[in-house]
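Containing mmCIF, C-alpha atoms and all ligand atoms: structure-v7.cif.
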data_final
loop_
_atom_site.label_atom_id
_atom_site.label_comp_id
_atom_site.auth_asym_id
_atom_site.auth_seq_id
_atom_site.Cartn_x
_atom_site.Cartn_y
_atom_site.Cartn_z
CA MET A 12 21.66 -10.34 -2.38
CA ALA A 13 19.84 -7.95 -0.02
CA LEU A 14 17.27 -10.48 1.09
CA ASN A 15 17.09 -14.20 0.56
CA VAL A 16 14.08 -16.23 1.68
CA ASP A 17 14.35 -19.94 1.12
CA SER A 18 11.48 -22.45 1.35
CA LEU A 19 9.75 -20.52 4.13
CA ARG A 20 6.60 -21.99 5.66
CA TYR A 21 4.55 -20.77 8.58
CA ARG A 22 1.34 -21.85 10.22
CA TYR A 23 -0.93 -20.64 12.99
CA GLN A 24 -2.24 -23.74 14.75
CA GLN A 25 -3.23 -26.09 11.92
CA LYS A 26 -3.54 -23.45 9.21
CA TRP A 27 -0.60 -22.85 6.86
CA VAL A 28 -0.48 -19.15 5.97
CA LEU A 29 2.88 -19.16 4.17
CA ASP A 30 3.62 -22.10 1.93
CA ASN A 31 7.09 -22.59 0.45
CA VAL A 32 7.90 -18.91 -0.04
CA ASN A 33 11.13 -18.22 -1.95
CA LEU A 34 12.39 -14.68 -2.56
CA GLN A 35 15.64 -13.15 -3.77
CA LEU A 36 15.72 -9.37 -3.52
CA GLU A 37 18.57 -7.44 -5.08
CA GLN A 38 20.21 -4.40 -3.56
CA GLY A 39 18.79 -1.04 -4.66
CA GLN A 40 15.54 -2.38 -6.14
CA PHE A 41 11.92 -1.55 -5.36
CA TYR A 42 9.65 -4.56 -4.88
CA ALA A 43 5.88 -4.28 -4.63
CA LEU A 44 4.37 -7.12 -2.62
CA LEU A 45 0.76 -7.32 -3.72
CA GLY A 46 -1.78 -9.51 -1.96
CA PRO A 47 -5.34 -9.31 -0.67
CA ASN A 48 -6.22 -9.18 3.02
CA GLY A 49 -5.14 -12.43 4.61
CA ALA A 50 -2.60 -13.33 1.89
CA GLY A 51 0.18 -13.57 4.47
CA LYS A 52 2.00 -10.26 3.94
CA SER A 53 2.16 -9.25 7.60
CA THR A 54 3.13 -12.76 8.65
CA LEU A 55 5.99 -12.65 6.15
CA PHE A 56 7.12 -9.25 7.46
CA ASN A 57 6.90 -10.47 11.06
CA LEU A 58 9.16 -13.39 10.17
CA LEU A 59 11.61 -11.09 8.37
CA CYS A 60 11.90 -8.85 11.42
CA GLN A 61 11.88 -11.79 13.85
CA LEU A 62 8.65 -10.96 15.69
CA LEU A 63 7.78 -14.50 14.62
CA GLN A 64 10.29 -17.34 14.46
CA THR A 65 10.41 -20.55 12.50
CA ARG A 66 12.90 -23.23 11.57
CA ASP A 67 10.78 -24.14 8.57
CA GLY A 68 12.88 -22.46 5.89
CA ALA A 69 15.63 -19.84 6.02
CA ILE A 70 15.89 -16.05 5.90
CA ASP A 71 19.10 -14.11 5.20
CA VAL A 72 19.02 -10.34 5.55
CA ALA A 73 22.02 -8.63 3.93
CA GLY A 74 23.84 -11.95 4.19
CA HIS A 75 22.96 -12.52 7.86
CA SER A 76 20.86 -15.50 8.84
CA THR A 77 17.96 -14.62 11.14
CA LEU A 78 18.67 -17.85 13.03
CA LYS A 79 22.47 -17.70 13.24
CA ALA A 80 23.05 -13.91 13.35
CA PRO A 81 19.71 -12.45 14.46
CA ARG A 82 21.04 -9.10 15.68
CA LYS A 83 22.99 -8.38 12.50
CA ALA A 84 19.99 -9.42 10.41
CA LEU A 85 17.74 -7.09 12.39
CA ALA A 86 20.18 -4.18 12.21
CA ALA A 87 20.08 -4.35 8.40
CA LEU A 88 16.30 -3.78 8.35
CA GLY A 89 14.21 -0.63 8.59
CA ILE A 90 10.56 -1.35 9.26
CA VAL A 91 7.31 0.58 9.04
CA PHE A 92 4.47 -1.44 10.48
CA GLN A 93 0.86 -1.30 9.38
CA GLN A 94 -0.15 0.20 12.74
CA SER A 95 1.70 3.32 13.78
CA THR A 96 4.22 2.80 16.56
CA LEU A 97 5.03 6.46 17.18
CA ASP A 98 4.59 7.86 20.67
CA LEU A 99 1.97 10.55 20.14
CA ASP A 100 2.98 12.57 23.18
CA LEU A 101 6.65 12.82 22.27
CA THR A 102 7.93 15.30 19.72
CA VAL A 103 9.08 14.19 16.29
CA GLN A 104 12.68 14.62 17.38
CA GLN A 105 12.19 12.66 20.61
CA ASN A 106 10.60 9.75 18.72
CA LEU A 107 13.57 9.64 16.38
CA GLU A 108 16.12 9.98 19.20
CA TYR A 109 14.53 7.07 21.03
CA HIS A 110 14.76 4.86 17.95
CA ALA A 111 18.39 5.88 17.32
CA SER A 112 19.32 4.96 20.88
CA LEU A 113 17.62 1.56 20.51
CA HIS A 114 19.93 0.97 17.57
CA GLY A 115 22.95 1.92 19.69
CA MET A 116 23.73 5.07 17.69
CA SER A 117 25.97 7.64 19.37
CA SER A 118 24.43 11.00 20.18
CA LYS A 119 26.51 12.66 17.45
CA ALA A 120 25.56 10.09 14.79
CA SER A 121 21.95 10.24 15.91
CA LYS A 122 21.77 14.05 15.61
CA ALA A 123 23.27 14.01 12.13
CA ALA A 124 20.98 11.20 10.95
CA ILE A 125 17.87 12.90 12.36
CA GLU A 126 18.69 16.16 10.60
CA ARG A 127 19.41 14.27 7.37
CA GLU A 128 16.17 12.29 7.36
CA LEU A 129 13.95 15.16 8.49
CA ALA A 130 15.40 17.35 5.73
CA ARG A 131 14.76 14.62 3.14
CA PHE A 132 11.15 14.32 4.24
CA GLU A 133 10.67 18.11 4.53
CA LEU A 134 9.93 17.81 8.22
CA ILE A 135 12.66 19.99 9.74
CA ASP A 136 10.21 22.68 10.83
CA ARG A 137 8.04 20.06 12.60
CA LYS A 138 10.91 18.68 14.66
CA LYS A 139 9.76 20.17 17.96
CA ASP A 140 6.07 19.42 17.42
CA SER A 141 4.34 16.56 19.19
CA VAL A 142 3.39 13.72 16.85
CA ARG A 143 -0.20 14.13 18.00
CA SER A 144 -0.31 17.53 16.27
CA LEU A 145 0.71 16.09 12.87
CA ASN A 146 -1.67 14.94 10.15
CA GLY A 147 -1.66 11.34 8.90
CA GLY A 148 0.68 12.03 5.99
CA HIS A 149 3.26 13.74 8.17
CA ARG A 150 3.07 10.96 10.75
CA ARG A 151 3.78 8.41 8.04
CA ARG A 152 6.74 10.46 6.84
CA VAL A 153 8.10 10.54 10.39
CA GLU A 154 7.77 6.76 10.61
CA ILE A 155 9.62 6.21 7.36
CA ALA A 156 12.30 8.74 8.35
CA ARG A 157 12.68 6.88 11.64
CA ALA A 158 13.03 3.53 9.87
CA LEU A 159 15.89 4.94 7.79
CA LEU A 160 17.87 6.53 10.64
CA HIS A 161 20.28 3.64 11.12
CA ASP A 162 20.90 3.41 7.36
CA PRO A 163 19.41 -0.04 6.78
CA ALA A 164 20.10 -2.07 3.64
CA ILE A 165 16.43 -2.97 3.36
CA LEU A 166 13.27 -1.02 4.09
CA LEU A 167 10.10 -3.01 4.80
CA LEU A 168 6.84 -1.13 4.43
CA ASP A 169 3.71 -2.96 5.53
CA GLU A 170 0.78 -1.24 3.84
CA ALA A 171 2.44 2.10 4.58
CA SER A 172 -0.01 4.14 2.56
CA VAL A 173 -3.21 2.87 4.16
CA GLY A 174 -5.45 5.71 5.29
CA LEU A 175 -3.63 8.41 3.32
CA ASP A 176 -5.23 10.58 0.67
CA MET A 177 -4.10 10.12 -2.95
CA PRO A 178 -1.70 13.10 -3.26
CA THR A 179 0.00 12.19 0.03
CA ARG A 180 0.18 8.54 -0.99
CA ASP A 181 1.69 9.42 -4.36
CA SER A 182 4.24 11.78 -2.90
CA ILE A 183 5.37 9.26 -0.26
CA ASN A 184 5.50 6.44 -2.81
CA GLN A 185 7.54 8.59 -5.18
CA HIS A 186 9.95 9.44 -2.40
CA ILE A 187 10.34 5.80 -1.42
CA ARG A 188 11.05 4.68 -4.98
CA GLY A 189 13.64 7.46 -5.18
CA LEU A 190 15.44 5.99 -2.15
CA CYS A 191 16.31 2.89 -4.12
CA GLU A 192 18.14 4.94 -6.72
CA SER A 193 19.64 7.62 -4.54
CA ARG A 194 20.71 5.46 -1.60
CA GLY A 195 20.83 1.96 -3.00
CA ILE A 196 18.24 0.77 -0.49
CA THR A 197 16.13 -2.28 -1.25
CA VAL A 198 12.46 -1.62 -0.57
CA LEU A 199 9.83 -4.29 -0.05
CA SER A 200 6.49 -2.52 0.10
CA SER A 201 3.29 -4.46 0.69
CA THR A 202 -0.12 -3.39 -0.51
CA HIS A 203 -3.53 -4.85 -1.26
CA LEU A 204 -4.23 -2.08 -3.79
CA VAL A 205 -3.50 -2.89 -7.43
CA ASP A 206 -3.26 0.78 -8.37
CA GLU A 207 -0.23 1.21 -6.11
CA VAL A 208 1.84 -1.04 -8.34
CA LEU A 209 3.59 0.69 -11.25
CA PRO A 210 4.66 -1.03 -14.49
CA GLU A 211 8.30 -0.23 -13.68
CA ASP A 212 8.12 -1.98 -10.29
CA HIS A 213 9.22 -5.50 -9.65
CA LEU A 214 5.98 -7.26 -8.68
CA ILE A 215 5.66 -10.08 -6.19
CA LEU A 216 2.16 -11.46 -5.99
CA LEU A 217 1.27 -13.30 -2.79
CA HIS A 218 -2.01 -15.19 -2.72
CA GLN A 219 -3.17 -17.58 -0.02
CA GLY A 220 0.37 -17.87 1.29
CA LYS A 221 1.95 -18.71 -2.07
CA ILE A 222 4.03 -16.58 -4.42
CA LEU A 223 2.11 -16.64 -7.70
CA LEU A 224 4.35 -14.21 -9.54
CA ASP A 225 7.80 -12.68 -9.04
CA LYS A 226 9.01 -10.61 -11.99
CA PRO A 227 9.16 -7.06 -13.40
CA CYS A 228 5.57 -5.85 -13.61
CA GLN A 229 5.86 -4.74 -17.24
CA GLN A 230 7.17 -8.17 -18.20
CA ALA A 231 4.24 -9.81 -16.41
CA LEU A 232 1.78 -7.51 -18.21
CA ASP A 233 3.37 -8.42 -21.56
CA ASP A 234 3.42 -12.14 -20.75
CA GLU A 235 -0.25 -12.17 -19.80
CA GLN A 236 -1.13 -9.72 -22.58
CA VAL A 237 -3.11 -7.44 -20.30
CA GLY A 238 -3.14 -3.66 -20.04
CA GLY A 239 -3.12 -3.21 -16.27
CA VAL A 240 -2.27 -4.74 -12.92
CA LYS A 241 -5.93 -5.24 -12.07
CA SER A 242 -6.46 -7.55 -15.05
CA LEU A 243 -3.15 -9.23 -14.38
CA TYR A 244 -4.22 -9.91 -10.81
CA ARG A 245 -7.59 -11.28 -11.94
CA ASN A 246 -5.91 -13.57 -14.47
CA LEU A 247 -3.54 -15.01 -11.92
CA THR A 248 -5.94 -15.55 -9.06
CA THR A 249 -9.30 -17.19 -8.96
CA SER A 250 -11.10 -14.66 -6.78
CA GLY A 251 -9.73 -11.19 -7.62
CA GLU A 252 -10.09 -9.74 -4.10
CA ALA A 253 -7.34 -7.15 -4.52
CA ALA A 254 -9.31 -5.00 -6.96
N1 LIG B 301 -2.10 -14.62 15.39
C1 LIG B 301 -2.81 -15.30 14.47
N2 LIG B 301 -3.44 -16.44 14.81
C2 LIG B 301 -4.14 -17.14 13.88
N3 LIG B 301 -4.26 -16.78 12.59
C3 LIG B 301 -3.65 -15.64 12.21
C4 LIG B 301 -2.88 -14.84 13.12
N4 LIG B 301 -2.40 -13.78 12.45
C5 LIG B 301 -2.82 -13.90 11.17
N5 LIG B 301 -3.57 -15.01 11.03
C6 LIG B 301 -4.18 -15.49 9.78
O1 LIG B 301 -3.13 -15.72 8.85
C7 LIG B 301 -3.52 -15.33 7.54
C8 LIG B 301 -2.52 -14.32 7.00
O2 LIG B 301 -2.65 -13.11 7.75
P1 LIG B 301 -1.71 -11.86 7.50
O3 LIG B 301 -2.08 -10.81 8.50
O4 LIG B 301 -0.30 -12.28 7.43
O5 LIG B 301 -2.18 -11.41 6.04
P2 LIG B 301 -2.02 -10.00 5.32
O6 LIG B 301 -1.76 -10.31 3.89
O7 LIG B 301 -1.03 -9.17 6.02
O8 LIG B 301 -3.47 -9.40 5.47
P3 LIG B 301 -3.89 -7.95 6.01
O9 LIG B 301 -3.60 -7.02 4.90
O10 LIG B 301 -5.34 -8.14 6.29
O11 LIG B 301 -3.07 -7.72 7.25
C9 LIG B 301 -4.95 -14.80 7.65
O12 LIG B 301 -5.81 -15.85 7.32
C10 LIG B 301 -5.08 -14.45 9.13
O13 LIG B 301 -6.40 -14.60 9.55
#

Target format structure tokens, applied to this file:
Amino acid sequence: MALNVDSLRYRYQQKWVLDNVNLQLEQGQFYALLGPNGAGKSTLFNLLCQLLQTRDGAIDVAGHSTLKAPRKALAALGIVFQQSTLDLDLTVQQNLEYHASLHGMSSKASKAAIERELARFELIDRKKDSVRSLNGGHRRRVEIARALLHDPAILLLDEASVGLDMPTRDSINQHIRGLCESRGITVLSSTHLVDEVLPEDHLILLHQGKILLDKPCQQALDDEQVGGVKSLYRNLTTSGEAA
């Protein structure tokens, strides 16, 4: 199992924002985590990458408990946060080198991984450019390339396509889904946009801190006898904010 989340709960002050969340993600699968603003997606991601801690439930990343083996659990994750964390004044290459060194990669391994990821994302010719000079789509590609440098088992994407135009969004999403097949990576990609979820995706629906649905999207569409994710979402929630 790539990721196992067992009976996870989390609250800020008195307010529970994650309530008995259970997840089992298999290696090499793409999972779309759909939920409206405030559903708890970022809180879940922050717990997975240990920016937040709790003893209320358990998280195992690639078989490593975040409580008992936090470093190993963290090393198995690649993360792209909602807000960009690139240094705008460094070049693409420098940003990636910095990340590789944080992960303890040797200079040789780091060089090879940077070339590999930049080639995959068609960014080789932008290597020496400052991040500030890149458009939003290219910056996002750099962030995803950076998250993959240390060859993680799982890639977490927190609303990674926010602010991108449709063609850029589609091309990045297509590339990410391809990673599952070509590299056996497990991807958990959060979104509040129903049109980002494809029938072939495995859909996890998070609403008010609870998992309302966790199954292949096409199967959920068939079960609910609806033609699209928007209707499915409306049927399963009372408010329908994610439209
Ligand atoms: N530091 C905090 N202190 C108190 N409440 C918080 C804090 N961070 C988040 N919350 C609340 O927890 C709930 C879940 O927020 P979270 O950011 O995890 O949701 P989300 O699904 O990622 O939404 P968004 O897409 O808007 O980021 C929301 O009601 C939010 O207001």

Checklist entry - Do you know which residues are at most 10 Å from segment 80-97 of chain A counting all atoms listed in the file, after dropping those on the same chain fewer than 2 positions away, and could you put them as a PyMOL selection string? => result chain A and resi 13-14+53+56-57+59-61+70-78+99-103+106-107+110+114+142-143+147+150-151+153-173+197-201

Could you take the residues named above and write them with C-alpha atoms, as a PDB file, in the frame of the given file?
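New file result_24.pdb:
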ATOM      1  CA  ALA A  13      19.840  -7.950  -0.020  1.00  0.00           C
ATOM      2  CA  LEU A  14      17.270 -10.480   1.090  1.00  0.00           C
ATOM      3  CA  SER A  53       2.160  -9.250   7.600  1.00  0.00           C
ATOM      4  CA  PHE A  56       7.120  -9.250   7.460  1.00  0.00           C
ATOM      5  CA  ASN A  57       6.900 -10.470  11.060  1.00  0.00           C
ATOM      6  CA  LEU A  59      11.610 -11.090   8.370  1.00  0.00           C
ATOM      7  CA  CYS A  60      11.900  -8.850  11.420  1.00  0.00           C
ATOM      8  CA  GLN A  61      11.880 -11.790  13.850  1.00  0.00           C
ATOM      9  CA  ILE A  70      15.890 -16.050   5.900  1.00  0.00           C
ATOM     10  CA  ASP A  71      19.100 -14.110   5.200  1.00  0.00           C
ATOM     11  CA  VAL A  72      19.020 -10.340   5.550  1.00  0.00           C
ATOM     12  CA  ALA A  73      22.020  -8.630   3.930  1.00  0.00           C
ATOM     13  CA  GLY A  74      23.840 -11.950   4.190  1.00  0.00           C
ATOM     14  CA  HIS A  75      22.960 -12.520   7.860  1.00  0.00           C
ATOM     15  CA  SER A  76      20.860 -15.500   8.840  1.00  0.00           C
ATOM     16  CA  THR A  77      17.960 -14.620  11.140  1.00  0.00           C
ATOM     17  CA  LEU A  78      18.670 -17.850  13.030  1.00  0.00           C
ATOM     18  CA  LEU A  99       1.970  10.550  20.140  1.00  0.00           C
ATOM     19  CA  ASP A 100       2.980  12.570  23.180  1.00  0.00           C
ATOM     20  CA  LEU A 101       6.650  12.820  22.270  1.00  0.00           C
ATOM     21  CA  THR A 102       7.930  15.300  19.720  1.00  0.00           C
ATOM     22  CA  VAL A 103       9.080  14.190  16.290  1.00  0.00           C
ATOM     23  CA  ASN A 106      10.600   9.750  18.720  1.00  0.00           C
ATOM     24  CA  LEU A 107      13.570   9.640  16.380  1.00  0.00           C
ATOM     25  CA  HIS A 110      14.760   4.860  17.950  1.00  0.00           C
ATOM     26  CA  HIS A 114      19.930   0.970  17.570  1.00  0.00           C
ATOM     27  CA  VAL A 142       3.390  13.720  16.850  1.00  0.00           C
ATOM     28  CA  ARG A 143      -0.200  14.130  18.000  1.00  0.00           C
ATOM     29  CA  GLY A 147      -1.660  11.340   8.900  1.00  0.00           C
ATOM     30  CA  ARG A 150       3.070  10.960  10.750  1.00  0.00           C
ATOM     31  CA  ARG A 151       3.780   8.410   8.040  1.00  0.00           C
ATOM     32  CA  VAL A 153       8.100  10.540  10.390  1.00  0.00           C
ATOM     33  CA  GLU A 154       7.770   6.760  10.610  1.00  0.00           C
ATOM     34  CA  ILE A 155       9.620   6.210   7.360  1.00  0.00           C
ATOM     35  CA  ALA A 156      12.300   8.740   8.350  1.00  0.00           C
ATOM     36  CA  ARG A 157      12.680   6.880  11.640  1.00  0.00           C
ATOM     37  CA  ALA A 158      13.030   3.530   9.870  1.00  0.00           C
ATOM     38  CA  LEU A 159      15.890   4.940   7.790  1.00  0.00           C
ATOM     39  CA  LEU A 160      17.870   6.530  10.640  1.00  0.00           C
ATOM     40  CA  HIS A 161      20.280   3.640  11.120  1.00  0.00           C
ATOM     41  CA  ASP A 162      20.900   3.410   7.360  1.00  0.00           C
ATOM     42  CA  PRO A 163      19.410  -0.040   6.780  1.00  0.00           C
ATOM     43  CA  ALA A 164      20.100  -2.070   3.640  1.00  0.00           C
ATOM     44  CA  ILE A 165      16.430  -2.970   3.360  1.00  0.00           C
ATOM     45  CA  LEU A 166      13.270  -1.020   4.090  1.00  0.00           C
ATOM     46  CA  LEU A 167      10.100  -3.010   4.800  1.00  0.00           C
ATOM     47  CA  LEU A 168       6.840  -1.130   4.430  1.00  0.00           C
ATOM     48  CA  ASP A 169       3.710  -2.960   5.530  1.00  0.00           C
ATOM     49  CA  GLU A 170       0.780  -1.240   3.840  1.00  0.00           C
ATOM     50  CA  ALA A 171       2.440   2.100   4.580  1.00  0.00           C
ATOM     51  CA  SER A 172      -0.010   4.140   2.560  1.00  0.00           C
ATOM     52  CA  VAL A 173      -3.210   2.870   4.160  1.00  0.00           C
ATOM     53  CA  THR A 197      16.130  -2.280  -1.250  1.00  0.00           C
ATOM     54  CA  VAL A 198      12.460  -1.620  -0.570  1.00  0.00           C
ATOM     55  CA  LEU A 199       9.830  -4.290  -0.050  1.00  0.00           C
ATOM     56  CA  SER A 200       6.490  -2.520   0.100  1.00  0.00           C
ATOM     57  CA  SER A 201       3.290  -4.460   0.690  1.00  0.00           C
TER      58      SER A 201
END

Using all atoms listed in the file, find each residue of chain A with at least one atom at most 9 Å away from an atom of ligand LIG 301 (chain B); report its shortest atom-to-atom pair and that distance in Å (one decimal), sort the rows by chain and rising residue number, and return the result as a tab-separated table.
residue	atom	partner	partner_atom	distance
A:Arg22	CA	B:LIG301	O1	7.7
A:Tyr23	CA	B:LIG301	C2	4.8
A:Gln24	CA	B:LIG301	C2	6.9
A:Lys26	CA	B:LIG301	N3	7.5
A:Trp27	CA	B:LIG301	O1	7.8
A:Val28	CA	B:LIG301	C7	5.1
A:Leu29	CA	B:LIG301	C8	7.8
A:Leu45	CA	B:LIG301	O6	8.6
A:Gly46	CA	B:LIG301	O6	5.9
A:Pro47	CA	B:LIG301	O6	5.9
A:Asn48	CA	B:LIG301	O10	3.5
A:Gly49	CA	B:LIG301	O5	3.4
A:Ala50	CA	B:LIG301	O6	3.7
A:Gly51	CA	B:LIG301	O4	3.3
A:Lys52	CA	B:LIG301	O6	3.8
A:Ser53	CA	B:LIG301	O7	3.6
A:Thr54	CA	B:LIG301	O4	3.7
A:Leu55	CA	B:LIG301	O4	6.4
A:Phe56	CA	B:LIG301	O4	8.0
A:Asn57	CA	B:LIG301	O4	8.3
A:Gln93	CA	B:LIG301	O11	7.8
A:Asp169	CA	B:LIG301	O7	7.8
A:Glu170	CA	B:LIG301	O9	7.3
A:Ser201	CA	B:LIG301	O7	8.3
A:Thr202	CA	B:LIG301	O9	7.4
A:His203	CA	B:LIG301	O9	6.5
A:Leu217	CA	B:LIG301	O6	7.9
A:His218	CA	B:LIG301	O6	8.2
A:Gln219	CA	B:LIG301	C8	7.8
A:Gly220	CA	B:LIG301	C8	7.3

Next on the checklist: I'd like the contact shell of Gly189 of chain A - 10 Å cut-off, all atoms listed in the file, skipping same-chain residues fewer than 6 positions apart - returned as number ranges by chain.
Outcome noted: A: 39, 41, 183, 195-196

Item to check | Interatomic distance, atom CA of Ser141 of chain A to atom CA of Glu128 of chain A (Å, one decimal) | outcome: 17.3 Å

Item to check | Residue nearest Gln105 of chain A among A:Lys226, A:Arg127, A:Arg137, A:His213 (counting only C-alpha atoms) | outcome: A:Arg137

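Reported to one decimal place, the separation of atom CA of Ile215 of chain A from atom CA of Tyr42 of chain A is 6.9 Å.
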
Completion step: segment 20-36 of chain A with N, CA and C atoms as a compact mmCIF listing (two decimals), in the frame of the given file:
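So the final result, stored in selection09.txt, reads:
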# COMPACT_ATOMS: atom_id res chain seq x y z
N ARG A 20 8.00 -21.59 5.39
CA ARG A 20 6.60 -21.99 5.66
C ARG A 20 6.24 -21.52 7.06
N TYR A 21 4.98 -21.18 7.24
CA TYR A 21 4.55 -20.77 8.58
C TYR A 21 3.08 -21.12 8.76
N ARG A 22 2.76 -21.58 9.97
CA ARG A 22 1.34 -21.85 10.22
C ARG A 22 0.95 -21.34 11.60
N TYR A 23 -0.31 -20.93 11.71
CA TYR A 23 -0.93 -20.64 12.99
C TYR A 23 -1.81 -21.84 13.31
N GLN A 24 -1.56 -22.47 14.43
CA GLN A 24 -2.24 -23.74 14.75
C GLN A 24 -2.14 -24.69 13.54
N GLN A 25 -3.28 -25.12 13.02
CA GLN A 25 -3.23 -26.09 11.92
C GLN A 25 -3.19 -25.42 10.54
N LYS A 26 -3.35 -24.10 10.51
CA LYS A 26 -3.54 -23.45 9.21
C LYS A 26 -2.22 -22.88 8.65
N TRP A 27 -1.82 -23.39 7.49
CA TRP A 27 -0.60 -22.85 6.86
C TRP A 27 -0.94 -21.51 6.22
N VAL A 28 -0.20 -20.46 6.58
CA VAL A 28 -0.48 -19.15 5.97
C VAL A 28 0.66 -18.69 5.06
N LEU A 29 1.81 -19.36 5.16
CA LEU A 29 2.88 -19.16 4.17
C LEU A 29 3.34 -20.55 3.75
N ASP A 30 3.39 -20.76 2.43
CA ASP A 30 3.62 -22.10 1.93
C ASP A 30 4.76 -22.08 0.91
N ASN A 31 5.92 -22.50 1.35
CA ASN A 31 7.09 -22.59 0.45
C ASN A 31 7.38 -21.27 -0.26
N VAL A 32 7.61 -20.23 0.53
CA VAL A 32 7.90 -18.91 -0.04
C VAL A 32 9.41 -18.79 -0.31
N ASN A 33 9.73 -18.45 -1.55
CA ASN A 33 11.13 -18.22 -1.95
C ASN A 33 11.23 -16.81 -2.52
N LEU A 34 12.21 -16.04 -2.05
CA LEU A 34 12.39 -14.68 -2.56
C LEU A 34 13.88 -14.36 -2.64
N GLN A 35 14.28 -13.68 -3.70
CA GLN A 35 15.64 -13.15 -3.77
C GLN A 35 15.53 -11.68 -4.16
N LEU A 36 15.81 -10.79 -3.23
CA LEU A 36 15.72 -9.37 -3.52
C LEU A 36 17.11 -8.77 -3.69
